[in-house]
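Structure below is protein.pdb: PDB, C-alpha atoms.
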```pdb
ATOM      1  CA  MET A 268       0.000   0.000   0.000
ATOM      2  CA  PHE A 269       2.854   2.304   0.911
ATOM      3  CA  HIS A 270       4.511   1.472  -2.396
ATOM      4  CA  CYS A 271       1.290   2.285  -4.288
ATOM      5  CA  LYS A 272       1.100   5.699  -2.629
ATOM      6  CA  THR A 273       4.733   6.380  -3.568
ATOM      7  CA  VAL A 274       4.043   5.418  -7.190
ATOM      8  CA  GLU A 275       0.950   7.639  -7.217
ATOM      9  CA  PHE A 276       2.979  10.514  -5.779
ATOM     10  CA  PHE A 277       5.699  10.170  -8.402
ATOM     11  CA  TYR A 278       3.078   9.760 -11.136
ATOM     12  CA  GLY A 279       1.588  13.122 -10.225
ATOM     13  CA  LEU A 280       4.946  14.751  -9.594
ATOM     14  CA  ILE A 281       6.477  14.264 -13.043
ATOM     15  CA  PRO A 282       3.967  14.805 -15.841
ATOM     16  CA  LEU A 283       6.129  13.216 -18.530
ATOM     17  CA  LYS A 284       4.490  10.516 -20.612
ATOM     18  CA  PRO A 285       7.535   8.166 -20.847
ATOM     19  CA  TRP A 286       7.932   8.356 -17.070
ATOM     20  CA  ARG A 287       4.243   7.737 -16.472
ATOM     21  CA  ASP A 288       4.280   4.872 -18.961
ATOM     22  CA  PHE A 289       7.212   3.383 -17.089
ATOM     23  CA  LEU A 290       5.292   3.544 -13.788
ATOM     24  CA  ILE A 291       2.171   2.057 -15.377
ATOM     25  CA  ARG A 292       4.094  -0.861 -16.883
ATOM     26  CA  ARG A 293       6.323  -1.479 -13.870
ATOM     27  CA  HIS A 294       3.759  -1.206 -11.141
ATOM     28  CA  ILE A 295       0.181  -0.153 -11.843
ATOM     29  CA  GLU A 296      -0.638  -2.844 -14.427
ATOM     30  CA  LYS A 297       0.639  -5.555 -12.082
ATOM     31  CA  CYS A 298      -0.725  -4.293  -8.787
ATOM     32  CA  PRO A 299      -4.253  -5.510  -7.874
ATOM     33  CA  GLY A 300      -4.674  -2.555  -5.509
ATOM     34  CA  CYS A 301      -3.934  -0.010  -8.222
ATOM     35  CA  LEU A 302      -6.014  -1.872 -10.819
ATOM     36  CA  ALA A 303      -8.992  -1.680  -8.482
ATOM     37  CA  GLY A 304      -8.863   2.097  -8.954
ATOM     38  CA  LEU A 305      -9.309   1.757 -12.716
ATOM     39  CA  ALA A 306     -12.514   1.134 -14.645
ATOM     40  CA  SER A 307     -12.735  -2.364 -16.076
ATOM     41  CA  ARG A 308     -13.499  -3.133 -19.713
ATOM     42  CA  GLU A 309     -17.104  -3.987 -18.780
ATOM     43  CA  GLU A 310     -17.601  -0.789 -16.797
ATOM     44  CA  ALA A 311     -16.195   1.319 -19.621
ATOM     45  CA  GLY A 312     -18.168  -0.623 -22.228
ATOM     46  CA  SER A 313     -21.428   0.000 -20.389
ATOM     47  CA  LEU A 314     -20.942   3.747 -20.866
ATOM     48  CA  LEU A 315     -20.094   3.557 -24.540
ATOM     49  CA  VAL A 316     -22.223   3.259 -27.645
ATOM     50  CA  GLN A 317     -21.730  -0.252 -29.003
ATOM     51  CA  GLU A 318     -21.408  -1.313 -32.616
ATOM     52  CA  ALA A 319     -24.826  -3.003 -32.548
ATOM     53  CA  GLY A 320     -26.547   0.250 -31.724
ATOM     54  CA  ALA A 321     -24.671   2.416 -34.164
ATOM     55  CA  ASP A 322     -25.984   1.302 -37.519
ATOM     56  CA  ILE A 323     -26.450   4.155 -39.969
ATOM     57  CA  GLY A 324     -28.480   2.336 -42.570
ATOM     58  CA  PRO A 325     -28.491   2.651 -46.361
ATOM     59  CA  SER A 326     -28.604   6.471 -46.310
ATOM     60  CA  LEU A 327     -24.844   6.601 -45.688
ATOM     61  CA  TRP A 328     -23.984   4.699 -48.872
ATOM     62  CA  ALA A 329     -26.397   6.841 -50.884
ATOM     63  CA  GLU A 330     -24.681  10.009 -49.680
ATOM     64  CA  VAL A 331     -21.176   8.607 -50.116
ATOM     65  CA  GLU A 332     -22.040   7.366 -53.616
ATOM     66  CA  ALA A 333     -23.417  10.768 -54.594
ATOM     67  CA  ALA A 334     -20.261  12.468 -53.317
ATOM     68  CA  ILE A 335     -18.050  10.002 -55.180
ATOM     69  CA  ALA A 336     -20.016  10.483 -58.393
ATOM     70  CA  LYS A 337     -19.752  14.255 -58.031
ATOM     71  CA  ASP A 338     -16.052  13.871 -57.378
ATOM     72  CA  SER A 339     -15.453  11.849 -60.531
ATOM     73  CA  ARG A 340     -17.572  14.277 -62.599
ATOM     74  CA  GLU A 341     -15.492  17.186 -61.353
ATOM     75  CA  LYS A 342     -12.318  15.231 -61.980
ATOM     76  CA  LYS A 343     -13.367  14.530 -65.558
ATOM     77  CA  ALA A 344     -14.321  18.170 -66.082
ATOM     78  CA  GLY A 345     -10.985  19.202 -64.593
ATOM     79  CA  ASP A 346      -9.143  16.842 -66.919
ATOM     80  CA  ARG A 347     -10.974  18.348 -69.873
ATOM     81  CA  THR A 348     -10.052  21.907 -68.970
ATOM     82  CA  ILE A 349      -6.460  21.032 -68.246
ATOM     83  CA  GLN A 350      -6.054  19.003 -71.475
ATOM     84  CA  PRO A 351      -4.510  21.434 -73.993
ATOM     85  CA  SER A 352      -5.537  21.392 -77.644
ATOM     86  CA  PRO A 353      -3.007  20.060 -80.244
ATOM     87  CA  GLY A 354      -2.526  23.583 -81.665
ATOM     88  CA  ARG A 355      -1.703  24.967 -78.265
ATOM     89  CA  ARG A 356       0.683  22.098 -77.618
ATOM     90  CA  TRP A 357       2.552  22.906 -80.854
ATOM     91  CA  GLY A 358       2.642  26.557 -79.859
ATOM     92  CA  TRP A 359       4.268  25.665 -76.564
ATOM     93  CA  ALA A 360       6.784  23.410 -78.341
ATOM     94  CA  VAL A 361       7.786  26.143 -80.800
ATOM     95  CA  ALA A 362       8.089  28.729 -78.051
ATOM     96  CA  THR A 363      10.286  26.414 -76.001
ATOM     97  CA  ALA A 364      12.479  25.656 -79.020
ATOM     98  CA  CYS A 365      12.872  29.397 -79.762
ATOM     99  CA  LEU A 366      13.831  30.048 -76.186
ATOM    100  CA  GLY A 367      16.410  27.263 -76.370
ATOM    101  CA  VAL A 368      17.917  28.680 -79.578
ATOM    102  CA  LEU A 369      18.097  32.151 -78.023
ATOM    103  CA  LEU A 370      19.851  30.833 -74.959
ATOM    104  CA  ILE A 371      22.378  28.826 -76.986
ATOM    105  CA  SER A 372      23.070  31.843 -79.249
ATOM    106  CA  PHE A 373      23.568  34.040 -76.243
ATOM    107  CA  PHE A 374      26.209  31.708 -74.823
ATOM    108  CA  PHE A 375      27.976  31.396 -78.192
ATOM    109  CA  LEU A 376      27.991  35.091 -78.980
ATOM    110  CA  LYS A 377      28.705  36.534 -75.587
ATOM    111  CA  ASP A 378      32.278  37.661 -75.094
ATOM    112  CA  PHE A 379      33.432  35.762 -72.063
ATOM    113  CA  ARG A 380      37.004  37.111 -72.146
ATOM    114  CA  PRO A 381      38.120  38.506 -68.849
ATOM    115  CA  GLU A 382      38.238  42.226 -68.489
ATOM    116  CA  GLY A 383      41.488  43.976 -69.379
ATOM    117  CA  THR A 384      42.050  42.525 -72.878
ATOM    118  CA  SER A 385      40.884  45.655 -74.689
ATOM    119  CA  ALA A 386      43.387  48.237 -75.930
ATOM    120  CA  ASP A 387      42.760  50.529 -72.995
ATOM    121  CA  ALA A 388      43.246  47.746 -70.558
ATOM    122  CA  VAL A 389      46.554  46.764 -72.234
ATOM    123  CA  GLN A 390      47.768  50.302 -71.872
ATOM    124  CA  ALA A 391      46.827  50.314 -68.268
ATOM    125  CA  ARG A 392      48.719  47.086 -67.629
ATOM    126  CA  PHE A 393      51.735  47.730 -69.837
ATOM    127  CA  GLU A 394      53.354  51.108 -70.232
ATOM    128  CA  LEU A 395      56.639  52.168 -71.881
ATOM    129  CA  GLU A 396      57.932  55.552 -70.958
ATOM    130  CA  TYR A 397      60.953  55.758 -73.194
ATOM    131  CA  VAL A 398      62.511  53.419 -75.768
ATOM    132  CA  ARG A 399      65.872  53.818 -77.439
ATOM    133  CA  VAL A 400      67.202  51.685 -80.327
ATOM    134  CA  GLY A 401      70.926  52.021 -81.205
ATOM    135  CA  GLY A 402      71.206  55.045 -78.959
ATOM    136  CA  GLN A 403      68.465  56.794 -80.834
ATOM    137  CA  PRO A 404      64.910  57.466 -79.600
ATOM    138  CA  ALA A 405      62.447  54.953 -81.041
ATOM    139  CA  SER A 406      58.696  54.704 -81.230
ATOM    140  CA  ALA A 407      56.931  51.718 -79.669
ATOM    141  CA  VAL A 408      53.628  50.071 -80.404
ATOM    142  CA  ILE A 409      52.019  47.788 -77.902
ATOM    143  CA  TYR A 410      49.728  45.196 -79.393
ATOM    144  CA  GLN A 411      47.634  42.393 -77.933
ATOM    145  CA  PRO A 412      45.902  39.997 -80.353
ATOM    146  CA  GLN A 413      42.192  39.555 -79.718
ATOM    147  CA  GLY A 414      41.363  36.603 -77.495
ATOM    148  CA  SER A 415      44.957  36.148 -76.347
ATOM    149  CA  ASP A 416      46.938  37.025 -73.253
ATOM    150  CA  MET A 417      50.095  37.600 -75.326
ATOM    151  CA  ILE A 418      51.336  41.188 -75.596
ATOM    152  CA  ILE A 419      53.613  42.159 -78.481
ATOM    153  CA  VAL A 420      55.812  45.230 -78.214
ATOM    154  CA  TRP A 421      56.939  46.534 -81.599
ATOM    155  CA  VAL A 422      59.706  49.067 -81.537
ATOM    156  CA  GLY A 423      60.769  51.032 -84.641
ATOM    157  CA  LYS A 424      63.564  53.533 -85.171
ATOM    158  CA  ASN A 425      62.434  57.072 -85.792
ATOM    159  CA  LEU A 426      63.667  57.934 -89.272
TER
ATOM    160  CA  MET B 248     -14.684 -11.431 -49.805
ATOM    161  CA  ASP B 249     -11.173 -10.607 -48.645
ATOM    162  CA  GLU B 250     -10.468  -7.052 -47.524
ATOM    163  CA  GLN B 251      -7.470  -6.637 -49.830
ATOM    164  CA  GLU B 252      -9.574  -7.802 -52.776
ATOM    165  CA  LEU B 253     -12.218  -5.221 -51.915
ATOM    166  CA  ILE B 254      -9.567  -2.509 -51.732
ATOM    167  CA  ALA B 255      -8.073  -3.577 -55.058
ATOM    168  CA  GLY B 256     -11.539  -3.653 -56.610
ATOM    169  CA  SER B 257     -12.327  -0.177 -55.302
ATOM    170  CA  LEU B 258      -9.055   1.090 -56.697
ATOM    171  CA  ASN B 259     -10.057  -0.326 -60.059
ATOM    172  CA  GLY B 260     -13.268   1.680 -59.879
ATOM    173  CA  ARG B 261     -15.653  -1.119 -58.846
ATOM    174  CA  LYS B 262     -18.249   0.734 -56.802
ATOM    175  CA  GLU B 263     -19.782  -2.469 -55.463
ATOM    176  CA  ASP B 264     -16.502  -3.369 -53.743
ATOM    177  CA  PHE B 265     -16.309   0.013 -52.102
ATOM    178  CA  ARG B 266     -19.923  -0.321 -51.035
ATOM    179  CA  MET B 267     -18.998  -3.538 -49.233
ATOM    180  CA  ILE B 268     -16.157  -1.723 -47.459
ATOM    181  CA  VAL B 269     -18.595   0.994 -46.363
ATOM    182  CA  GLU B 270     -21.084  -1.606 -45.116
ATOM    183  CA  ARG B 271     -18.366  -3.508 -43.277
ATOM    184  CA  TYR B 272     -16.991  -0.496 -41.447
ATOM    185  CA  SER B 273     -19.980   1.809 -41.072
ATOM    186  CA  ALA B 274     -21.207   0.386 -37.746
ATOM    187  CA  PRO B 275     -17.857   0.309 -35.890
ATOM    188  CA  ALA B 276     -16.963   3.726 -37.338
ATOM    189  CA  MET B 277     -20.327   5.137 -36.280
ATOM    190  CA  ALA B 278     -19.894   3.725 -32.761
ATOM    191  CA  LEU B 279     -16.481   5.354 -32.403
ATOM    192  CA  ALA B 280     -17.735   8.658 -33.838
ATOM    193  CA  MET B 281     -20.753   8.688 -31.522
ATOM    194  CA  ASN B 282     -18.577   7.970 -28.514
ATOM    195  CA  LEU B 283     -16.239  10.759 -29.496
ATOM    196  CA  LEU B 284     -18.751  13.364 -30.574
ATOM    197  CA  ARG B 285     -21.708  12.357 -28.375
ATOM    198  CA  ASN B 286     -24.053  13.522 -31.098
ATOM    199  CA  ARG B 287     -25.659  11.330 -33.746
ATOM    200  CA  ASP B 288     -25.910  13.963 -36.486
ATOM    201  CA  ASP B 289     -22.281  14.994 -36.132
ATOM    202  CA  ALA B 290     -21.244  11.336 -36.022
ATOM    203  CA  GLU B 291     -23.123  10.651 -39.278
ATOM    204  CA  ASP B 292     -21.456  13.645 -40.921
ATOM    205  CA  ALA B 293     -18.054  12.478 -39.705
ATOM    206  CA  CYS B 294     -18.693   8.965 -41.075
ATOM    207  CA  GLN B 295     -19.783  10.335 -44.418
ATOM    208  CA  GLU B 296     -16.663  12.499 -44.639
ATOM    209  CA  LEU B 297     -14.613   9.505 -43.535
ATOM    210  CA  PHE B 298     -15.734   7.235 -46.368
ATOM    211  CA  ILE B 299     -15.375   9.954 -48.975
ATOM    212  CA  GLN B 300     -11.838  10.583 -47.752
ATOM    213  CA  VAL B 301     -11.116   6.841 -47.699
ATOM    214  CA  TYR B 302     -12.277   6.580 -51.326
ATOM    215  CA  ARG B 303     -10.149   9.523 -52.384
ATOM    216  CA  ASN B 304      -7.023   8.339 -50.565
ATOM    217  CA  LEU B 305      -7.333   4.595 -51.072
ATOM    218  CA  GLY B 306      -4.316   4.743 -53.382
ATOM    219  CA  SER B 307      -2.101   5.987 -50.574
ATOM    220  CA  TYR B 308      -3.116   3.214 -48.165
ATOM    221  CA  ASP B 309      -0.170   1.057 -47.120
ATOM    222  CA  PRO B 310      -1.280  -2.619 -47.239
ATOM    223  CA  ARG B 311       1.275  -3.520 -44.549
ATOM    224  CA  ARG B 312      -0.803  -1.503 -42.103
ATOM    225  CA  SER B 313      -4.145  -2.615 -40.711
ATOM    226  CA  PHE B 314      -6.926  -1.204 -42.878
ATOM    227  CA  LYS B 315      -9.221  -0.850 -39.878
ATOM    228  CA  ASN B 316      -6.610   1.194 -38.006
ATOM    229  CA  TRP B 317      -6.105   3.369 -41.065
ATOM    230  CA  VAL B 318      -9.862   3.987 -41.283
ATOM    231  CA  TYR B 319     -10.021   4.758 -37.564
ATOM    232  CA  THR B 320      -7.110   7.199 -37.848
ATOM    233  CA  ILE B 321      -8.962   9.149 -40.536
ATOM    234  CA  LEU B 322     -12.175   9.033 -38.512
ATOM    235  CA  TYR B 323     -10.381  10.260 -35.398
ATOM    236  CA  ARG B 324      -9.031  13.257 -37.341
ATOM    237  CA  ARG B 325     -12.482  14.023 -38.752
ATOM    238  CA  CYS B 326     -14.003  13.861 -35.274
ATOM    239  CA  LEU B 327     -11.330  16.223 -33.947
ATOM    240  CA  ASP B 328     -12.272  18.660 -36.714
ATOM    241  CA  HIS B 329     -15.929  18.423 -35.668
ATOM    242  CA  LEU B 330     -15.041  19.011 -32.024
ATOM    243  CA  LYS B 331     -12.953  22.053 -32.978
ATOM    244  CA  ARG B 332     -15.794  23.450 -35.082
ATOM    245  CA  ARG B 333     -18.239  22.870 -32.254
ATOM    246  CA  ARG B 334     -15.954  24.567 -29.745
ATOM    247  CA  ARG B 335     -15.518  27.574 -32.028
ATOM    248  CA  ALA B 336     -19.276  27.809 -32.533
ATOM    249  CA  THR B 337     -19.886  27.615 -28.783
ATOM    250  CA  GLU B 338     -17.256  30.285 -28.161
ATOM    251  CA  LEU B 339     -18.808  32.517 -30.804
ATOM    252  CA  VAL B 340     -22.285  32.140 -29.364
ATOM    253  CA  SER B 341     -21.066  32.819 -25.828
ATOM    254  CA  LYS B 342     -19.151  35.865 -27.080
ATOM    255  CA  MET B 343     -22.291  37.204 -28.662
ATOM    256  CA  GLY B 344     -23.881  36.975 -25.247
ATOM    257  CA  ARG B 345     -26.623  34.704 -26.396
ATOM    258  CA  GLU B 346     -27.804  31.602 -24.757
ATOM    259  CA  THR B 347     -25.435  28.829 -25.769
ATOM    260  CA  ILE B 348     -26.862  25.788 -27.373
ATOM    261  CA  THR B 349     -24.930  22.790 -26.161
ATOM    262  CA  ALA B 350     -24.342  20.389 -28.982
ATOM    263  CA  THR B 351     -24.185  17.437 -26.652
ATOM    264  CA  PRO B 352     -27.624  15.943 -26.242
ATOM    265  CA  ALA B 353     -28.143  13.366 -23.558
ATOM    266  CA  ASN B 354     -29.272  10.785 -26.086
ATOM    267  CA  PRO B 355     -26.457  10.135 -28.522
ATOM    268  CA  GLY B 356     -27.860   6.927 -29.989
ATOM    269  CA  HIS B 357     -31.256   5.849 -31.197
ATOM    270  CA  SER B 358     -31.474   2.202 -30.351
ATOM    271  CA  SER B 359     -28.900   1.647 -27.644
ATOM    272  CA  SER B 360     -28.079   4.802 -25.786
ATOM    273  CA  PRO B 361     -25.418   4.272 -23.148
ATOM    274  CA  ARG B 362     -26.328   4.311 -19.508
ATOM    275  CA  SER B 363     -27.271   7.868 -18.601
ATOM    276  CA  LEU B 364     -24.928   9.316 -16.042
ATOM    277  CA  PRO B 365     -25.380  12.203 -13.683
ATOM    278  CA  SER B 366     -22.579  14.335 -15.068
ATOM    279  CA  GLY B 367     -22.247  13.276 -18.704
ATOM    280  CA  LEU B 368     -19.293  11.180 -17.707
ATOM    281  CA  LEU B 369     -17.571  10.782 -21.048
ATOM    282  CA  GLU B 370     -17.627  14.557 -21.507
ATOM    283  CA  GLN B 371     -15.065  14.767 -18.742
ATOM    284  CA  LEU B 372     -12.519  12.902 -20.835
ATOM    285  CA  LYS B 373     -10.273  14.438 -23.438
ATOM    286  CA  ALA B 374     -10.772  13.327 -27.052
ATOM    287  CA  LYS B 375      -7.630  11.187 -26.957
ATOM    288  CA  GLU B 376      -8.684   9.544 -23.720
ATOM    289  CA  ARG B 377     -12.188   8.905 -25.023
ATOM    290  CA  THR B 378     -10.811   7.354 -28.214
ATOM    291  CA  ALA B 379      -8.352   5.195 -26.297
ATOM    292  CA  LEU B 380     -11.101   4.027 -23.945
ATOM    293  CA  CYS B 381     -13.510   3.280 -26.782
ATOM    294  CA  LEU B 382     -10.965   1.291 -28.793
ATOM    295  CA  TRP B 383      -9.866  -0.605 -25.696
ATOM    296  CA  ALA B 384     -13.343  -1.399 -24.370
ATOM    297  CA  ASN B 385     -15.244  -1.921 -27.633
ATOM    298  CA  GLU B 386     -12.571  -3.282 -29.948
ATOM    299  CA  GLY B 387     -10.166  -4.866 -27.477
ATOM    300  CA  TYR B 388      -7.275  -2.842 -28.856
ATOM    301  CA  THR B 389      -3.849  -2.942 -27.231
ATOM    302  CA  ALA B 390      -1.806   0.174 -26.383
ATOM    303  CA  ARG B 391       0.255  -0.322 -29.559
ATOM    304  CA  GLU B 392      -2.868  -0.430 -31.752
ATOM    305  CA  ILE B 393      -4.376   2.576 -29.986
ATOM    306  CA  GLY B 394      -1.102   4.407 -30.581
ATOM    307  CA  GLU B 395      -1.330   3.548 -34.275
ATOM    308  CA  VAL B 396      -4.770   5.164 -34.479
ATOM    309  CA  LEU B 397      -3.861   8.207 -32.394
ATOM    310  CA  ARG B 398      -0.510   8.496 -34.182
ATOM    311  CA  CYS B 399       1.491   8.384 -30.978
ATOM    312  CA  SER B 400       3.735   5.879 -29.227
ATOM    313  CA  ALA B 401       2.340   2.855 -27.404
ATOM    314  CA  GLY B 402       3.564   4.385 -24.136
ATOM    315  CA  THR B 403       1.643   7.606 -24.708
ATOM    316  CA  ALA B 404      -1.468   5.629 -25.674
ATOM    317  CA  ARG B 405      -1.097   3.592 -22.476
ATOM    318  CA  VAL B 406      -1.006   6.804 -20.435
ATOM    319  CA  HIS B 407      -4.147   8.151 -22.177
ATOM    320  CA  LEU B 408      -5.962   4.888 -21.511
ATOM    321  CA  PHE B 409      -4.846   4.823 -17.902
ATOM    322  CA  GLN B 410      -6.035   8.402 -17.341
ATOM    323  CA  ALA B 411      -9.393   7.596 -18.957
ATOM    324  CA  ARG B 412      -9.945   4.474 -16.868
ATOM    325  CA  LYS B 413      -8.946   6.286 -13.692
ATOM    326  CA  LYS B 414     -11.249   9.242 -14.350
ATOM    327  CA  ILE B 415     -14.170   6.972 -15.269
ATOM    328  CA  LYS B 416     -13.735   4.866 -12.154
ATOM    329  CA  LYS B 417     -13.574   7.941  -9.953
ATOM    330  CA  LEU B 418     -16.639   9.502 -11.547
ATOM    331  CA  LEU B 419     -18.565   6.233 -11.395
ATOM    332  CA  GLU B 420     -17.828   5.965  -7.683
ATOM    333  CA  GLN B 421     -18.875   9.585  -7.146
ATOM    334  CA  GLY B 422     -22.031   8.917  -9.129
ATOM    335  CA  ASP B 423     -22.842   5.861  -7.027
ATOM    336  CA  VAL B 424     -22.273   7.839  -3.824
ATOM    337  CA  SER B 425     -24.482  10.689  -5.000
ATOM    338  CA  LEU B 426     -27.189   8.255  -6.103
ATOM    339  CA  GLN B 427     -27.049   6.501  -2.734
ATOM    340  CA  ASN B 428     -27.279   9.857  -0.918
ATOM    341  CA  GLY B 429     -30.057  11.025  -3.179
TER
END
```
Since I need it in another form, could you write the structure as structure tokens?
Amino acid sequence: MFHCKTVEFFYGLIPLKPWRDFLIRRHIEKCPGCLAGLASREEAGSLLVQEAGADIGPSLWAEVEAAIAKDSREKKAGDRTIQPSPGRRWGWAVATACLGVLLISFFFLKDFRPEGTSADAVQARFELEYVRVGGQPASAVIYQPQGSDMIIVWVGKNL
Amino acid sequence: MDEQELIAGSLNGRKEDFRMIVERYSAPAMALAMNLLRNRDDAEDACQELFIQVYRNLGSYDPRRSFKNWVYTILYRRCLDHLKRRRRATELVSKMGRETITATPANPGHSSSPRSLPSGLLEQLKAKERTALCLWANEGYTAREIGEVLRCSAGTARVHLFQARKKIKKLLEQGDVSLQNG
């Protein structure tokens, strides 16, 4: 009896379901004293509506059938509205193909060279202040071929 | 006819097979709904919604699971929706300052109403406790099966059932005492 009171105290003290389940399994379900404080299956059953007294009758099927029929009608109607016509399908196909061609062209035609390959950029990166050839002042031309990182410096004597 | 055959037939669009499913499960489903909702009209609505939902979602049913438990899980959810709606309606009416109409008549069944109790005993239980008690007492379900319906662990289901049985016993004893005094 003392043990039952202790279990009851701890049951109320910690309202955690795993803990309570542990107490139920370890003690309450096995203790005749504790089980006496619980309603039996018969007692509970006497308060509940039983299967035998809960028959709905044929009206339920009639209503369910009507709902199902309505459902399938709506589904069919929905399928019809969603189904595109062949002309529209071709239209979508052509539009998608055009979009694809545009995208591919864009990637082919776009200049993906890194910045700094233009003439201005070459000047900014490479600068000659003064060039002499054979002790004489010479003129220099800096040249970078398009699409290449190579820089050519062409120096010519001033005649 | 085997249950799996009926399910397969329903999935293939055979209405007669689905009708047999409805006939097979309408009484136990109605009993559970009436015990949960304590109102015949609401229970009938819940059952109707249940079977429509079962028909719509039959394709997603996992055959490894018990079909009855699957049906009961759907029904439990539908009943919870009804209880929520009823609570909202009651709150709205009480807010408006009108006389509230309790949607819990004393006679939930036509042919076999449960023993009338002084304090509407089952009303004192939470929906989960009521469901656990009903499945345990009417269907002989174990804690694991109750957990499958309530979508919780067997341990949690055991706690709900224990609470329900304890409350019922206490209220029954109080009822007996009050009847003896009266």
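Each of B:Ala390, B:Ala404, B:Met277, B:Met343 was checked against chain A using all atoms listed in the file; the smallest atom-to-atom distance is that of B:Met277.
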Query raised in the report: Residues at most 8 Å from segment 301-305 of chain A, counting only C-alpha atoms, excluding those fewer than 2 positions away in the same chain, as a PyMOL selection string?
Result: (chain A and resi 271+295-299+307) or (chain B and resi 409+412-417)
Write down, as an mmCIF file with C-alpha atoms, in the coordinates of the input, each residue of chain B that has any atom within 9 Å of an atom of chain A, counting all atoms listed in the file.
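Dumped everything to out-v3.cif:
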```cif
data_model
loop_
_atom_site.group_PDB
_atom_site.id
_atom_site.type_symbol
_atom_site.label_atom_id
_atom_site.label_comp_id
_atom_site.auth_asym_id
_atom_site.auth_seq_id
_atom_site.Cartn_x
_atom_site.Cartn_y
_atom_site.Cartn_z
ATOM 1 C CA LYS B 262 -18.249 0.734 -56.802
ATOM 2 C CA ARG B 266 -19.923 -0.321 -51.035
ATOM 3 C CA VAL B 269 -18.595 0.994 -46.363
ATOM 4 C CA GLU B 270 -21.084 -1.606 -45.116
ATOM 5 C CA SER B 273 -19.980 1.809 -41.072
ATOM 6 C CA ALA B 274 -21.207 0.386 -37.746
ATOM 7 C CA PRO B 275 -17.857 0.309 -35.890
ATOM 8 C CA ALA B 276 -16.963 3.726 -37.338
ATOM 9 C CA MET B 277 -20.327 5.137 -36.280
ATOM 10 C CA ALA B 278 -19.894 3.725 -32.761
ATOM 11 C CA LEU B 279 -16.481 5.354 -32.403
ATOM 12 C CA MET B 281 -20.753 8.688 -31.522
ATOM 13 C CA ASN B 282 -18.577 7.970 -28.514
ATOM 14 C CA ARG B 287 -25.659 11.330 -33.746
ATOM 15 C CA GLU B 291 -23.123 10.651 -39.278
ATOM 16 C CA CYS B 294 -18.693 8.965 -41.075
ATOM 17 C CA GLN B 295 -19.783 10.335 -44.418
ATOM 18 C CA GLU B 296 -16.663 12.499 -44.639
ATOM 19 C CA PHE B 298 -15.734 7.235 -46.368
ATOM 20 C CA ILE B 299 -15.375 9.954 -48.975
ATOM 21 C CA TYR B 302 -12.277 6.580 -51.326
ATOM 22 C CA ARG B 303 -10.149 9.523 -52.384
ATOM 23 C CA PRO B 355 -26.457 10.135 -28.522
ATOM 24 C CA GLY B 356 -27.860 6.927 -29.989
ATOM 25 C CA HIS B 357 -31.256 5.849 -31.197
ATOM 26 C CA SER B 358 -31.474 2.202 -30.351
ATOM 27 C CA SER B 359 -28.900 1.647 -27.644
ATOM 28 C CA SER B 360 -28.079 4.802 -25.786
ATOM 29 C CA PRO B 361 -25.418 4.272 -23.148
ATOM 30 C CA ARG B 362 -26.328 4.311 -19.508
ATOM 31 C CA SER B 363 -27.271 7.868 -18.601
ATOM 32 C CA LEU B 364 -24.928 9.316 -16.042
ATOM 33 C CA LEU B 368 -19.293 11.180 -17.707
ATOM 34 C CA LEU B 369 -17.571 10.782 -21.048
ATOM 35 C CA LEU B 380 -11.101 4.027 -23.945
ATOM 36 C CA CYS B 381 -13.510 3.280 -26.782
ATOM 37 C CA TRP B 383 -9.866 -0.605 -25.696
ATOM 38 C CA ALA B 384 -13.343 -1.399 -24.370
ATOM 39 C CA ASN B 385 -15.244 -1.921 -27.633
ATOM 40 C CA GLY B 387 -10.166 -4.866 -27.477
ATOM 41 C CA ALA B 401 2.340 2.855 -27.404
ATOM 42 C CA GLY B 402 3.564 4.385 -24.136
ATOM 43 C CA THR B 403 1.643 7.606 -24.708
ATOM 44 C CA ALA B 404 -1.468 5.629 -25.674
ATOM 45 C CA ARG B 405 -1.097 3.592 -22.476
ATOM 46 C CA VAL B 406 -1.006 6.804 -20.435
ATOM 47 C CA PHE B 409 -4.846 4.823 -17.902
ATOM 48 C CA GLN B 410 -6.035 8.402 -17.341
ATOM 49 C CA ALA B 411 -9.393 7.596 -18.957
ATOM 50 C CA ARG B 412 -9.945 4.474 -16.868
ATOM 51 C CA LYS B 413 -8.946 6.286 -13.692
ATOM 52 C CA LYS B 414 -11.249 9.242 -14.350
ATOM 53 C CA ILE B 415 -14.170 6.972 -15.269
ATOM 54 C CA LYS B 416 -13.735 4.866 -12.154
ATOM 55 C CA LYS B 417 -13.574 7.941 -9.953
ATOM 56 C CA LEU B 419 -18.565 6.233 -11.395
#
```
Requested in this report: Evaluate the PyMOL selection byres ((chain B and resi 320) around 8) and record the selected residues as a PyMOL selection string, following the chain and residue labels used in the document.
Outcome: chain B and resi 316-319+321-324+395-398
Pick out the residues sitting within 7 Å of Arg325 of chain B, and hand them over as a PDB file with C-alpha atoms, in the frame of the given file; count only C-alpha atoms, and ignore anything fewer than 4 positions along from it in its own chain.
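The result, stored in out_34.pdb:
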```
ATOM      1  CA  ALA B 293     -18.054  12.478 -39.705  1.00  0.00           C
ATOM      2  CA  LEU B 297     -14.613   9.505 -43.535  1.00  0.00           C
ATOM      3  CA  ILE B 321      -8.962   9.149 -40.536  1.00  0.00           C
ATOM      4  CA  HIS B 329     -15.929  18.423 -35.668  1.00  0.00           C
TER       5      HIS B 329
END
```
Query raised in the report: atom CA of Asp264 of chain B and atom CA of Leu284 of chain B, how far apart in Å?
Result: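 Atom-to-atom, atom CA of Leu284 of chain B to atom CA of Asp264 of chain B, that is 28.7 Å.
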Requested in this report: Would you please work out which residue, of A:Lys272, A:Glu394, A:Ile281, A:Val361, is nearest to Gly300 of chain A when using all atoms listed in the file?
Outcome: A:Lys272
Requested in this report: For Gly256 of chain B, list every protein, DNA or RNA residue within 12 Å, evaluated using only C-alpha atoms, and leave out those in the same chain fewer than 3 positions away; present the list as a ChimeraX atom specification.
Outcome: /B:248-253,259-268,302,305-306
